[in-house]
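Right, one structure below, let's go through it.
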Amino acid sequence: MTGTPWWSPVFPIHKEFSLKNKYAWVGSIMSIVLIADQFTKYLVTTRVRLYSIIPVVPGFFNITHVRNRGAAFGILAGAPEVWRSLFFISVTIAAIAVIGGLIWKTHERLLVTAFSLIAGGAIGNLIDRVRYGEVVDFIQWYVKSHYWPSFNVADSAISIGVALLVLDMLLKKPQETKENETTNR
């Protein structure tokens with residue numbers, strides 16, 4: 001990438017990394033996500049009975065203990081266990097490999113942060129799939145009788161990472177995008 005992005009003063013996170021700092025940043029973000037994810041899941045699995053609900057903010061937020069055998073929103077939860085586990089573990093490993101390549105390829109702080117959050121979250125949920133054959137979810141947001149599907153810290157990291165990728169796409173000038181496409185060919 002050449003020059004400073006037009007929005008750089010607003011979002012200084014777009015700065016580029018030196019090679020040494022980039023991998024320290026990636027390792028730090030992924031470690032924080034993994035430790036927070038696995039620690040919170042440990043607390044939930046050891047202190048909250050399966051399917052029980054602990055109101056935190058009545059009418060808005062609960063801690064619960066549920067298991068998700070499928071993907072987001074329970075997709076493929078009814079598939080045979082062997083095929084479901086093999087599919088999700090294989091897809092996750094492939095996604096982590098692709099994200100690793102993307103991290104290696106870019107030096108932009110915002111993109112590296114986004115990819116690191118996504119990878120950390122994917123690894124956190126992969127650990128659950130290998131250990132339990134399903135993912136531990138415990139965060140439950142709702143308004144009155146409208147509930148959002150339960151999720152966990154790893155899911156949150158993935159969602160924030162994707163949001164940062166969208167933000168990066170929205171904030172780049174069309175000229176920057178064309179320059180990057182021709183540089184990467």
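How things are named: the first chain in the structure tokens is A, the next is B, and so on; residues count from 1 in each chain; ligands count from 1 in the order shown.
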
I'd like the contact shell of Ala119 in chain A - 8 Å cut-off, only C-alpha atoms, skipping same-chain residues fewer than 6 positions apart - returned as a compact mmCIF listing (two decimals) with C-alpha atoms, in the first residue's frame.
```
# COMPACT_ATOMS: atom_id res chain seq x y z
CA MET A 30 -4.90 -14.82 19.85
CA ILE A 96 -7.25 -21.27 10.28
CA ILE A 99 -6.31 -16.94 7.92
CA GLY A 100 -2.67 -17.70 8.77
CA ILE A 158 -14.97 -13.92 15.41
```

Exercise: range 121-137 of chain A partners within 7 Å, only C-alpha atoms, chain neighbours under 3 positions left out, as a PDB file with C-alpha atoms, in the first residue's frame:
```pdb
ATOM      1  CA  VAL A  33      -8.963 -14.578  23.033  1.00  0.00           C
ATOM      2  CA  LEU A  34      -8.032 -18.207  23.777  1.00  0.00           C
ATOM      3  CA  ASP A  37     -12.618 -18.135  25.932  1.00  0.00           C
ATOM      4  CA  GLN A  38     -11.337 -21.273  27.611  1.00  0.00           C
ATOM      5  CA  LYS A  41     -16.052 -21.914  29.349  1.00  0.00           C
ATOM      6  CA  HIS A  65     -24.986 -23.310  29.947  1.00  0.00           C
ATOM      7  CA  VAL A  66     -25.896 -24.832  26.612  1.00  0.00           C
ATOM      8  CA  ARG A  67     -24.090 -26.944  24.048  1.00  0.00           C
ATOM      9  CA  ASN A  68     -24.149 -26.330  20.311  1.00  0.00           C
ATOM     10  CA  ARG A  69     -23.546 -29.409  18.188  1.00  0.00           C
ATOM     11  CA  SER A  85     -17.414 -33.502  13.890  1.00  0.00           C
ATOM     12  CA  ILE A  89     -12.958 -29.824  12.528  1.00  0.00           C
ATOM     13  CA  THR A  92     -12.017 -25.005  10.947  1.00  0.00           C
ATOM     14  CA  LEU A 117      -9.463 -12.218  16.428  1.00  0.00           C
ATOM     15  CA  ILE A 118     -11.071 -14.575  13.923  1.00  0.00           C
ATOM     16  CA  SER A 150     -26.490 -18.197  22.916  1.00  0.00           C
ATOM     17  CA  PHE A 151     -22.813 -17.677  22.132  1.00  0.00           C
ATOM     18  CA  ASN A 152     -19.386 -17.511  23.792  1.00  0.00           C
ATOM     19  CA  ALA A 154     -14.770 -17.168  20.786  1.00  0.00           C
ATOM     20  CA  ASP A 155     -17.923 -16.331  18.808  1.00  0.00           C
ATOM     21  CA  ALA A 157     -14.020 -12.512  18.823  1.00  0.00           C
ATOM     22  CA  ILE A 158     -14.971 -13.917  15.413  1.00  0.00           C
TER      23      ILE A 158
END
```

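For the set A:Asn21, A:Trp104, A:Phe138, A:Ala97, the residue with the smallest atom-to-atom gap to Ile53 in chain A is A:Phe138, counting only C-alpha atoms.
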
DSSP strand (DSSP E) selection over range 18-103 of chain A, as JSON, numbers by chain: {"A": [53, 54, 55, 56, 57, 61, 62, 63, 64, 65, 66, 67, 68]}

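Counting only C-alpha atoms, the residue from A:Val143, A:Ala163, A:Val112, A:Met169 that sits nearest to Ala24 in chain A is A:Val112.
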
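Among the candidate residues A:Ala71, A:Tyr51, A:Phe61, A:Phe115, the one lying nearest to Val166 in chain A is A:Phe115, with distances computed using only C-alpha atoms.
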
Nearest to Thr45 in chain A by atom-to-atom distance, counting only C-alpha atoms, from A:Ile63, A:Ile32, A:Val57, A:Ile93: A:Ile63

Just asking: which residues within chain A are helix (DSSP H, G or I) according to DSSP, as a PyMOL selection string? chain A and resi 12-14+19-47+72-74+81-105+109-132+153-171+174-183

CA of Ile54 in chain A to CA of Phe88 in chain A measures 29.6 Å

Which residues are close to His146 in chain A, i.e. within 12 Å by only C-alpha atoms, leaving aside same-chain residues fewer than 6 positions away? Reply as a CSV table (one decimal) with C-alpha atoms, in the first residue's frame.
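Once written, result_13.csv looks like this:
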```csv
chain,number,residue,atom,x,y,z
A,59,GLY,CA,-35.2,-8.8,30.7
A,60,PHE,CA,-31.9,-8.4,28.8
A,61,PHE,CA,-28.9,-10.7,29.7
A,140,GLN,CA,-27.6,-15.1,26.2
```

Residue nearest Val48 in chain A - candidates A:Ala94, A:Thr64, A:Lys172, A:Thr106, atoms counted: only C-alpha atoms: A:Thr64

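For the pair CA of Ile103 in chain A and CA of Ala36 in chain A, the interatomic distance is 21.6 Å.
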